[in-house]
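Asker: One file is attached below, work.txt, containing compact mmCIF, C-alpha atoms.
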```
# COMPACT_ATOMS: atom_id res chain seq x y z
CA MET A 1 -59.27 -75.63 90.50
CA THR A 2 -55.60 -75.74 89.56
CA THR A 3 -53.98 -72.33 89.98
CA ILE A 4 -52.16 -70.73 87.07
CA ASN A 5 -48.92 -69.22 88.38
CA VAL A 6 -47.71 -66.11 86.57
CA VAL A 7 -44.09 -65.14 87.27
CA GLY A 8 -43.57 -61.45 86.56
CA GLY A 9 -45.99 -58.57 87.01
CA GLY A 10 -45.02 -56.35 84.11
CA LEU A 11 -47.32 -55.52 81.22
CA ALA A 12 -47.21 -59.02 79.68
CA GLY A 13 -47.69 -60.77 83.01
CA MET A 14 -50.65 -58.60 83.99
CA ILE A 15 -52.34 -59.16 80.64
CA ALA A 16 -51.74 -62.91 80.85
CA ALA A 17 -53.25 -62.97 84.35
CA ILE A 18 -56.30 -60.95 83.29
CA THR A 19 -56.86 -63.13 80.23
CA ALA A 20 -56.58 -66.39 82.18
CA SER A 21 -58.91 -65.11 84.89
CA GLU A 22 -61.45 -63.83 82.34
CA ASN A 23 -61.49 -67.38 80.99
CA GLY A 24 -62.42 -68.80 84.37
CA ALA A 25 -59.02 -69.73 85.81
CA THR A 26 -57.70 -69.17 89.30
CA VAL A 27 -54.54 -67.07 88.95
CA GLU A 28 -51.69 -65.94 91.19
CA VAL A 29 -49.06 -63.42 90.11
CA TYR A 30 -45.57 -63.31 91.65
CA GLU A 31 -43.71 -60.02 91.31
CA ALA A 32 -40.24 -59.42 92.75
CA HIS A 33 -40.87 -55.70 93.30
CA GLU A 34 -43.36 -54.19 95.70
CA GLU A 35 -45.42 -52.74 92.85
CA LEU A 36 -46.61 -54.28 89.61
CA GLY A 37 -45.95 -52.73 86.24
CA GLY A 38 -42.29 -53.45 85.52
CA ARG A 39 -40.94 -51.25 82.73
CA ALA A 40 -44.43 -49.91 82.06
CA ARG A 41 -44.60 -48.08 85.40
CA SER A 42 -43.51 -44.44 85.42
CA LEU A 43 -41.48 -42.75 88.15
CA PRO A 44 -43.71 -41.56 91.01
CA GLY A 45 -42.80 -37.92 90.53
CA PRO A 46 -42.28 -35.04 90.66
CA TRP A 47 -40.64 -36.11 87.37
CA VAL A 48 -43.08 -38.68 85.98
CA ALA A 49 -40.77 -40.29 83.44
CA ASN A 50 -41.43 -43.58 81.71
CA TRP A 51 -38.66 -46.14 81.31
CA GLY A 52 -37.73 -44.80 77.91
CA PRO A 53 -40.09 -42.91 75.59
CA HIS A 54 -43.44 -44.74 75.47
CA ALA A 55 -46.43 -44.41 73.16
CA LEU A 56 -49.75 -46.20 72.82
CA TYR A 57 -51.09 -46.55 69.26
CA ASN A 58 -54.83 -46.17 68.79
CA ASP A 59 -54.79 -48.22 65.58
CA GLY A 60 -53.46 -51.30 67.36
CA PRO A 61 -54.89 -54.30 69.22
CA LEU A 62 -53.67 -53.25 72.67
CA TRP A 63 -55.69 -50.04 72.42
CA ALA A 64 -58.80 -51.96 71.36
CA TRP A 65 -58.37 -54.50 74.17
CA LEU A 66 -58.06 -51.76 76.80
CA ALA A 67 -61.03 -49.90 75.37
CA GLU A 68 -63.24 -53.00 75.45
CA ARG A 69 -62.61 -53.28 79.19
CA ASP A 70 -62.90 -49.56 79.93
CA LEU A 71 -59.25 -49.54 80.97
CA LEU A 72 -58.08 -46.64 78.81
CA PRO A 73 -56.99 -43.62 80.86
CA PRO A 74 -57.28 -40.07 79.52
CA VAL A 75 -54.76 -39.61 76.71
CA VAL A 76 -53.28 -36.80 74.66
CA GLY A 77 -52.14 -36.87 71.05
CA PRO A 78 -48.89 -35.52 69.65
CA SER A 79 -48.48 -31.83 68.93
CA VAL A 80 -48.18 -30.51 65.39
CA ARG A 81 -45.98 -27.64 66.55
CA GLY A 82 -42.35 -27.80 67.51
CA LEU A 83 -41.36 -30.75 65.30
CA TYR A 84 -37.73 -30.68 64.16
CA LEU A 85 -35.33 -32.93 62.33
CA ARG A 86 -31.59 -33.15 62.62
CA TYR A 87 -29.66 -34.00 59.48
CA ASP A 88 -26.30 -32.92 58.12
CA ALA A 89 -25.57 -31.82 61.72
CA ALA A 90 -28.15 -29.02 61.56
CA ARG A 91 -31.77 -28.47 62.65
CA HIS A 92 -34.53 -28.41 60.04
CA THR A 93 -38.30 -28.11 59.98
CA THR A 94 -38.80 -30.19 56.84
CA PRO A 95 -37.40 -33.58 55.80
CA PRO A 96 -34.59 -33.83 53.26
CA ALA A 97 -35.75 -33.90 49.66
CA CYS A 98 -34.78 -37.55 49.26
CA MET A 99 -37.34 -38.54 51.94
CA LEU A 100 -40.11 -36.53 50.32
CA ARG A 101 -39.39 -38.22 47.00
CA SER A 102 -39.46 -41.65 48.67
CA ILE A 103 -42.61 -41.26 50.79
CA GLY A 104 -43.72 -44.55 49.25
CA VAL A 105 -41.70 -46.24 52.01
CA LEU A 106 -44.67 -45.55 54.30
CA ARG A 107 -47.16 -47.09 51.89
CA ALA A 108 -45.23 -50.17 50.82
CA ARG A 109 -47.01 -53.39 51.75
CA SER A 110 -45.17 -56.27 50.08
CA VAL A 111 -41.84 -55.71 51.77
CA PRO A 112 -39.45 -58.69 51.89
CA ASP A 113 -38.06 -60.06 55.12
CA HIS A 114 -35.02 -61.76 53.55
CA LEU A 115 -33.36 -58.42 52.69
CA SER A 116 -32.08 -55.74 55.03
CA PHE A 117 -34.00 -52.48 55.02
CA SER A 118 -30.94 -50.65 53.67
CA ASP A 119 -30.63 -53.06 50.72
CA TRP A 120 -34.35 -53.05 49.92
CA ALA A 121 -34.93 -49.31 50.30
CA GLY A 122 -31.61 -48.44 48.71
CA GLU A 123 -32.49 -50.35 45.55
CA ARG A 124 -35.96 -48.76 45.32
CA TYR A 125 -35.33 -45.21 46.52
CA GLY A 126 -31.58 -44.64 46.59
CA GLU A 127 -28.89 -44.96 49.24
CA GLU A 128 -29.40 -41.56 50.88
CA ALA A 129 -33.16 -42.01 51.25
CA ALA A 130 -32.64 -45.49 52.69
CA ARG A 131 -30.17 -44.10 55.23
CA ARG A 132 -32.50 -41.29 56.33
CA TRP A 133 -35.55 -43.54 56.65
CA ALA A 134 -33.52 -46.10 58.57
CA ALA A 135 -32.42 -43.43 61.03
CA ALA A 136 -36.03 -42.29 61.43
CA ALA A 137 -36.87 -45.86 62.50
CA GLY A 138 -34.68 -45.39 65.58
CA VAL A 139 -37.76 -44.05 67.40
CA ALA A 140 -39.44 -47.47 67.18
CA THR A 141 -36.40 -49.78 67.36
CA PHE A 142 -34.08 -48.13 69.93
CA PHE A 143 -31.26 -49.50 67.77
CA HIS A 144 -28.12 -47.82 66.44
CA ASP A 145 -28.41 -49.33 62.94
CA PRO A 146 -32.04 -49.98 61.93
CA GLY A 147 -31.02 -50.29 58.29
CA SER A 148 -29.31 -53.61 59.03
CA LEU A 149 -32.59 -55.18 60.20
CA SER A 150 -35.21 -57.01 58.12
CA ALA A 151 -36.83 -54.73 55.56
CA SER A 152 -40.35 -55.85 56.48
CA PHE A 153 -39.66 -55.33 60.19
CA VAL A 154 -38.43 -51.74 59.73
CA ALA A 155 -41.03 -50.80 57.12
CA GLU A 156 -43.89 -51.87 59.39
CA ARG A 157 -42.56 -49.72 62.22
CA LEU A 158 -42.09 -46.72 59.98
CA ARG A 159 -45.62 -47.11 58.64
CA ARG A 160 -47.11 -47.22 62.14
CA ALA A 161 -44.92 -44.55 63.75
CA PHE A 162 -45.23 -42.00 60.95
CA ALA A 163 -48.85 -42.52 59.90
CA LEU A 164 -50.90 -39.39 59.21
CA PRO A 165 -52.92 -38.57 61.15
CA SER A 166 -50.74 -39.88 63.94
CA ALA A 167 -52.00 -42.90 65.87
CA ALA A 168 -49.64 -42.26 68.81
CA ARG A 169 -51.29 -41.43 72.12
CA PHE A 170 -49.80 -40.70 75.53
CA PRO A 171 -51.57 -41.53 78.83
CA VAL A 172 -52.04 -38.47 81.01
CA GLY A 173 -49.91 -39.00 84.08
CA GLY A 174 -47.59 -41.47 82.36
CA TRP A 175 -47.98 -45.19 81.79
CA THR A 176 -48.63 -45.73 85.48
CA ALA A 177 -52.18 -44.66 84.63
CA ILE A 178 -52.50 -47.80 82.48
CA VAL A 179 -50.73 -49.99 85.03
CA ASP A 180 -53.07 -48.91 87.82
CA ARG A 181 -56.11 -49.76 85.72
CA LEU A 182 -54.71 -53.17 84.89
CA VAL A 183 -54.04 -53.84 88.56
CA GLY A 184 -57.59 -52.77 89.38
CA ARG A 185 -58.93 -55.18 86.75
CA MET A 186 -56.85 -58.01 88.21
CA ARG A 187 -58.19 -57.36 91.70
CA ALA A 188 -61.77 -57.17 90.44
CA LEU A 189 -61.33 -60.58 88.82
CA GLY A 190 -59.93 -62.08 92.03
CA VAL A 191 -56.34 -62.52 90.84
CA ARG A 192 -54.06 -63.12 93.80
CA ILE A 193 -51.04 -60.80 93.81
CA SER A 194 -47.85 -61.73 95.67
CA ALA A 195 -45.68 -58.60 95.51
CA GLY A 196 -42.11 -58.57 96.79
CA ALA A 197 -41.93 -62.29 95.99
CA THR A 198 -38.70 -63.38 94.33
CA VAL A 199 -39.13 -66.65 92.44
CA ASP A 200 -35.95 -68.75 92.22
CA ARG A 201 -37.60 -71.97 91.05
CA LEU A 202 -40.28 -72.44 88.43
CA PRO A 203 -43.67 -72.89 90.14
CA ALA A 204 -45.78 -75.91 89.44
CA ALA A 205 -47.45 -76.01 86.04
CA PRO A 206 -49.47 -74.47 84.60
CA ALA A 207 -47.10 -71.51 84.71
CA VAL A 208 -46.65 -68.35 82.66
CA VAL A 209 -43.19 -66.79 82.68
CA ALA A 210 -43.31 -63.06 81.98
CA LEU A 211 -39.69 -62.10 82.59
CA ALA A 212 -36.93 -60.44 80.59
CA PRO A 213 -34.96 -62.84 78.36
CA LEU A 214 -32.00 -63.40 80.68
CA ALA A 215 -34.19 -63.99 83.74
CA ALA A 216 -36.48 -66.31 81.75
CA ARG A 217 -33.49 -68.35 80.53
CA ARG A 218 -32.24 -68.77 84.07
CA LEU A 219 -35.61 -69.71 85.54
CA LEU A 220 -36.43 -72.22 82.81
CA GLY A 221 -32.87 -73.43 82.24
CA ASP A 222 -33.46 -72.93 78.54
CA ASP A 223 -30.68 -71.27 76.53
CA SER A 224 -32.87 -71.13 73.43
CA ILE A 225 -34.77 -68.19 74.94
CA GLU A 226 -32.72 -65.61 73.12
CA TRP A 227 -33.26 -63.10 70.32
CA PRO A 228 -31.44 -59.97 69.14
CA GLY A 229 -32.34 -56.80 71.00
CA ALA A 230 -31.14 -53.23 71.25
CA ARG A 231 -28.57 -51.71 73.57
CA THR A 232 -29.73 -48.17 74.15
CA ALA A 233 -28.68 -45.06 76.02
CA LEU A 234 -31.57 -43.30 77.76
CA LEU A 235 -31.38 -39.73 79.01
CA ASP A 236 -34.20 -37.95 80.81
CA VAL A 237 -33.76 -34.32 81.79
CA GLY A 238 -35.91 -31.88 83.70
CA VAL A 239 -35.41 -28.28 82.69
CA ARG A 240 -36.92 -24.93 83.48
CA SER A 241 -39.43 -24.23 80.74
CA ARG A 242 -38.55 -21.87 77.95
CA ARG A 243 -40.70 -20.57 75.13
CA GLY A 244 -39.51 -21.94 71.82
CA ASP A 245 -38.31 -25.35 73.02
CA ALA A 246 -38.83 -28.19 70.57
CA TYR A 247 -41.61 -30.69 71.07
CA VAL A 248 -39.77 -33.45 69.18
CA ILE A 249 -36.41 -33.57 67.50
CA SER A 250 -35.66 -36.67 65.46
CA ASP A 251 -32.06 -37.41 64.52
CA LEU A 252 -31.79 -38.49 60.88
CA ASP A 253 -28.01 -38.57 61.18
CA GLU A 254 -27.69 -40.98 64.11
CA ALA A 255 -31.11 -42.62 64.69
CA GLY A 256 -31.77 -40.79 67.96
CA PHE A 257 -34.92 -39.17 69.25
CA ALA A 258 -35.93 -36.68 71.95
CA GLU A 259 -39.40 -35.61 73.03
CA ARG A 260 -40.70 -32.99 75.44
CA PHE A 261 -43.53 -34.96 77.00
CA THR A 262 -44.82 -32.00 79.00
CA ARG A 263 -45.75 -30.26 75.74
CA LYS A 264 -49.21 -31.87 76.07
CA ASP A 265 -49.21 -33.23 79.64
CA HIS A 266 -48.06 -30.72 82.25
CA SER A 267 -48.64 -33.20 85.11
CA LEU A 268 -45.35 -34.94 84.31
CA ALA A 269 -43.15 -32.20 85.81
CA PRO A 270 -43.28 -29.50 88.48
CA ASP A 271 -44.91 -26.21 87.51
CA GLY A 272 -42.74 -24.13 85.23
CA HIS A 273 -40.61 -27.09 84.17
CA SER A 274 -40.41 -29.46 81.22
CA LEU A 275 -39.64 -33.18 81.04
CA VAL A 276 -37.58 -34.29 78.04
CA GLN A 277 -36.96 -37.98 77.36
CA ALA A 278 -34.40 -39.06 74.77
CA GLN A 279 -32.85 -42.25 73.47
CA MET A 280 -29.96 -43.20 71.21
CA GLY A 281 -28.96 -46.72 70.17
CA LEU A 282 -25.49 -47.49 71.43
CA ARG A 283 -22.93 -48.64 68.90
CA PRO A 284 -20.95 -51.85 69.52
CA GLY A 285 -18.56 -51.20 72.38
CA GLU A 286 -19.84 -47.66 72.95
CA SER A 287 -20.03 -46.48 76.56
CA LEU A 288 -22.99 -44.83 78.23
CA ASP A 289 -20.97 -41.62 78.56
CA ALA A 290 -20.36 -41.55 74.81
CA GLY A 291 -24.01 -42.28 74.05
CA VAL A 292 -25.21 -39.58 76.41
CA ALA A 293 -22.80 -37.11 74.80
CA ARG A 294 -24.43 -37.81 71.43
CA ILE A 295 -27.88 -37.32 72.95
CA GLU A 296 -26.79 -34.06 74.51
CA ALA A 297 -25.61 -32.82 71.10
CA LEU A 298 -29.11 -33.57 69.79
CA LEU A 299 -30.67 -31.66 72.69
CA ASP A 300 -28.44 -28.69 71.91
CA LEU A 301 -30.30 -28.30 68.61
CA GLY A 302 -33.78 -28.55 70.07
CA PHE A 303 -33.54 -26.85 73.46
CA SER A 304 -31.56 -23.64 73.60
CA ASN A 305 -29.35 -23.34 76.71
CA TRP A 306 -30.96 -26.46 78.20
CA ARG A 307 -27.77 -27.20 80.12
CA GLY A 308 -28.11 -23.97 82.05
CA ARG A 309 -31.76 -24.75 82.78
CA GLU A 310 -31.32 -28.38 83.83
CA VAL A 311 -32.49 -29.25 87.36
CA TRP A 312 -32.89 -33.04 87.16
CA ARG A 313 -31.61 -35.95 85.11
CA ARG A 314 -31.69 -39.72 84.86
CA ARG A 315 -29.55 -41.78 82.54
CA ALA A 316 -29.23 -45.49 81.94
CA VAL A 317 -28.22 -48.25 79.57
CA VAL A 318 -31.10 -50.48 78.52
CA GLU A 319 -29.99 -53.79 77.07
CA ASN A 320 -32.40 -56.30 75.49
CA GLN A 321 -35.34 -54.62 77.22
CA SER A 322 -36.93 -52.62 74.43
CA GLY A 323 -38.35 -55.31 72.20
CA ALA A 324 -37.14 -57.87 69.70
CA LEU A 325 -35.24 -56.89 66.54
CA ASP A 326 -35.78 -59.13 63.52
CA PRO A 327 -32.64 -59.60 61.38
CA PRO A 328 -32.92 -60.24 57.65
CA GLY A 329 -34.27 -63.70 56.93
CA SER A 330 -36.46 -63.80 60.04
CA THR A 331 -39.89 -62.67 61.20
CA TRP A 332 -41.65 -62.51 64.55
CA ARG A 333 -42.66 -66.15 64.07
CA ASP A 334 -39.03 -67.21 64.44
CA ARG A 335 -38.63 -65.71 67.93
CA PRO A 336 -38.84 -67.84 71.12
CA ALA A 337 -42.21 -69.61 71.16
CA VAL A 338 -44.94 -68.68 73.62
CA ASP A 339 -45.79 -72.34 74.32
CA ARG A 340 -42.74 -73.97 75.91
CA GLY A 341 -44.45 -77.32 76.48
CA ASP A 342 -45.12 -79.19 79.73
CA GLY A 343 -47.66 -76.59 80.86
CA VAL A 344 -45.30 -73.59 80.62
CA TRP A 345 -45.88 -70.45 78.54
CA LEU A 346 -43.62 -67.48 77.86
CA CYS A 347 -44.65 -63.88 77.22
CA GLY A 348 -42.96 -60.52 76.79
CA ASP A 349 -41.88 -58.10 74.09
CA TYR A 350 -39.25 -60.45 72.62
CA VAL A 351 -41.29 -63.59 71.90
CA ALA A 352 -43.13 -64.98 68.87
CA ALA A 353 -46.04 -62.55 68.70
CA PRO A 354 -46.89 -59.74 66.26
CA GLY A 355 -47.21 -56.03 66.91
CA LEU A 356 -45.33 -52.83 67.61
CA LEU A 357 -43.38 -52.58 70.89
CA ALA A 358 -45.87 -53.01 73.79
CA GLU A 359 -48.31 -54.74 71.45
CA VAL A 360 -45.97 -57.76 71.39
CA SER A 361 -46.27 -58.03 75.18
CA TRP A 362 -50.05 -57.77 74.83
CA ALA A 363 -50.32 -60.40 72.08
CA SER A 364 -48.08 -62.90 73.86
CA GLY A 365 -49.78 -62.26 77.21
CA VAL A 366 -53.23 -62.90 75.72
CA SER A 367 -51.99 -66.05 73.99
CA ALA A 368 -50.29 -67.41 77.11
CA GLY A 369 -53.19 -66.58 79.42
CA ARG A 370 -55.81 -68.02 77.10
CA ASP A 371 -53.91 -71.25 76.45
CA ALA A 372 -53.10 -71.74 80.13
CA ALA A 373 -56.78 -71.30 81.01
CA ASN A 374 -57.85 -73.68 78.28
CA ALA A 375 -55.56 -76.30 79.78
CA VAL A 376 -57.22 -76.22 83.21
CA VAL A 377 -60.74 -74.84 82.82
CA PRO A 378 -63.55 -76.95 81.32
CA ALA A 379 -65.03 -75.27 78.25
CA ARG A 380 -68.43 -74.86 79.88
CA ALA A 381 -66.90 -72.92 82.80
CA ARG A 382 -64.95 -70.35 80.76
CA ARG A 383 -65.99 -66.74 80.78
CA VAL A 384 -64.73 -63.69 78.93
CA GLY A 385 -65.11 -60.01 79.86
```
Any chance you could give the structure as structure tokens?
Answerer:
Amino acid sequence: MTTINVVGGGLAGMIAAITASENGATVEVYEAHEELGGRARSLPGPWVANWGPHALYNDGPLWAWLAERDLLPPVVGPSVRGLYLRYDAARHTTPPACMLRSIGVLRARSVPDHLSFSDWAGERYGEEAARRWAAAAGVATFFHDPGSLSASFVAERLRRAFALPSAARFPVGGWTAIVDRLVGRMRALGVRISAGATVDRLPAAPAVVALAPLAARRLLGDDSIEWPGARTALLDVGVRSRRGDAYVISDLDEAGFAERFTRKDHSLAPDGHSLVQAQMGLRPGESLDAGVARIEALLDLGFSNWRGREVWRRRAVVENQSGALDPPGSTWRDRPAVDRGDGVWLCGDYVAAPGLLAEVSWASGVSAGRDAANAVVPARARRVG
């Protein structure tokens, strides 16, 4: 049987490989690093940090897909204690009054995509409420100006991220727990894994390309593989634990966000220590140093004397690696297509597939894997599960 070649062993590539193999195809995955997982894999420890704050939503299709295959690791939900908001340069425990009056933002269903979120929400709820809700969307967009994006795009993310009760769940031990289960599923299905294999030329079709946008453009020689994405400053800090530290502090002034992940999962840091992961969308031309300084000002409000307690840190700029951003006048359907023609499929978190963050990688991976298998496996030979 013709082998389906999957280039890239991140979340999308692994899901594409599993889907194709479940449908009866012979699959080989090529991954440039020695381990699969890509941006989904956490650091090995003692500070088990994800590549940026991650969450898995139990009301979404990725959760259901993992559950159907018994691939869900133990998870913890968010805490209801230690939630803070920054606005007007001060720390608060309750939202500003304008947000409480405009809670309908989270229930709105017929939200236009041709308007920006700021224009749509500003007309319905007022300029201040629109600005605060847009900043709150920084947690799910990693962008410095969520209000400039499509109203429907931002409203969907607010609705999912701020649903009550919360649908957010966090794998115990970090996202590596999910990665390891996916790798185990691949091996059980007989998927061949070529780790440490750099691919400079597109393998023979059928092929699934599960690479970041720039790498996919280079491999396919296709400049149309492009879509707006965020440029984000990430800061992870390990601190000695202190009673009274925030669990989450959300920045309604500057669209930033910081979370103490060890609040519910103590395995992510050495005993007596806390792991805090924070992100802030970088403004045009803004340096990493400047972005980190803004994050540190946010941490000052949530973690008293954290600078004197810091024992570890990691910082980085993430560019076009945290999901697609839909501008006004566009939807996910306008992003680079999964089917590239000539027996080549594309998947990742920036392509034409629905969902929130990692769910886009899942949806595109399932679509690419299924279609690739359908192209090479007779219908009577396909299997699922």
Asker: So the first atom is CA of Ser274 in chain A and the second is CA of Gly256 in chain A; what is the distance between them in Å, to one decimal place?
Answerer: 19.5 Å
Asker: What does the structure give for the distance between CA of Ala246 in chain A and CA of Pro78 in chain A, in Å to one decimal?
Answerer: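 Atom-to-atom, CA of Ala246 in chain A and CA of Pro78 in chain A are spaced 12.5 Å apart.
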Asker: Could you tell me, as a list in words, which residues have any atom at most 7 Å from (-31.3, -47.8, 68.9), counting all atoms listed in the file?
Answerer: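 Residues lying no farther than 7 Å from the given point: Gly138, Thr141, Phe142, Phe143, His144, Asp145, Ala230, Arg231, Thr232, Ala255, Met280, Gly281 and Leu282 of chain A.
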Asker: Using all atoms listed in the file for the distances, tell me which of A:Ala258, A:Ala358, A:Val199, A:Ala32 is nearest to Asp236 in chain A.
Answerer: A:Ala258
Asker: Do a neighbour search on Ala49 in chain A at 10 Å with only C-alpha atoms, toss out local chain neighbours closer than 6 positions, and write the hits as a PyMOL selection string.
Answerer: chain A and resi 41-43+173-176+236-238+261+268-269+275-277+314
Asker: Now that the selection is made, can you save its residues with C-alpha atoms as a PDB file, in the frame of the given file?
Answerer:
```
ATOM      1  CA  ARG A  41     -44.600 -48.080  85.400  1.00  0.00           C
ATOM      2  CA  SER A  42     -43.510 -44.440  85.420  1.00  0.00           C
ATOM      3  CA  LEU A  43     -41.480 -42.750  88.150  1.00  0.00           C
ATOM      4  CA  GLY A 173     -49.910 -39.000  84.080  1.00  0.00           C
ATOM      5  CA  GLY A 174     -47.590 -41.470  82.360  1.00  0.00           C
ATOM      6  CA  TRP A 175     -47.980 -45.190  81.790  1.00  0.00           C
ATOM      7  CA  THR A 176     -48.630 -45.730  85.480  1.00  0.00           C
ATOM      8  CA  ASP A 236     -34.200 -37.950  80.810  1.00  0.00           C
ATOM      9  CA  VAL A 237     -33.760 -34.320  81.790  1.00  0.00           C
ATOM     10  CA  GLY A 238     -35.910 -31.880  83.700  1.00  0.00           C
ATOM     11  CA  PHE A 261     -43.530 -34.960  77.000  1.00  0.00           C
ATOM     12  CA  LEU A 268     -45.350 -34.940  84.310  1.00  0.00           C
ATOM     13  CA  ALA A 269     -43.150 -32.200  85.810  1.00  0.00           C
ATOM     14  CA  LEU A 275     -39.640 -33.180  81.040  1.00  0.00           C
ATOM     15  CA  VAL A 276     -37.580 -34.290  78.040  1.00  0.00           C
ATOM     16  CA  GLN A 277     -36.960 -37.980  77.360  1.00  0.00           C
ATOM     17  CA  ARG A 314     -31.690 -39.720  84.860  1.00  0.00           C
TER      18      ARG A 314
END
```
Asker: Tell me which protein, DNA and RNA residues are within 8 Å of range 289-301 of chain A, counting only C-alpha atoms, leaving out same-chain ones fewer than 5 positions away, and put them as a ChimeraX atom specification.
Answerer: /A:86,90-91,233-235,249,251,256,258,278-282,306,315
Asker: So the first atom is CA of Gly184 in chain A and the second is CA of Thr2 in chain A; what is the distance between them in Å, to one decimal place?
Answerer: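 Those two atoms sit 23.1 Å apart.
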Asker: List every protein, DNA or RNA residue that has an atom no more than 6 Å from (-49.7, -53.0, 82.5) in the file's coordinate frame, counting all atoms listed in the file, and report them as a list in words.
Answerer: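 All residues meeting the 6 Å criterion around (-49.7, -53.0, 82.5) are Gly10, Leu11, Met14, Gly37, Ile178, Val179 and Leu182 of chain A.
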Asker: Can you work out which one of A:Gly77, A:Gly82, A:Pro270, A:Pro61 has the shortest atom-to-atom distance to Ala167 in chain A, counting only C-alpha atoms?
Answerer: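 Of A:Gly77, A:Gly82, A:Pro270, A:Pro61, the one nearest Ala167 in chain A is A:Gly77, counting only C-alpha atoms.
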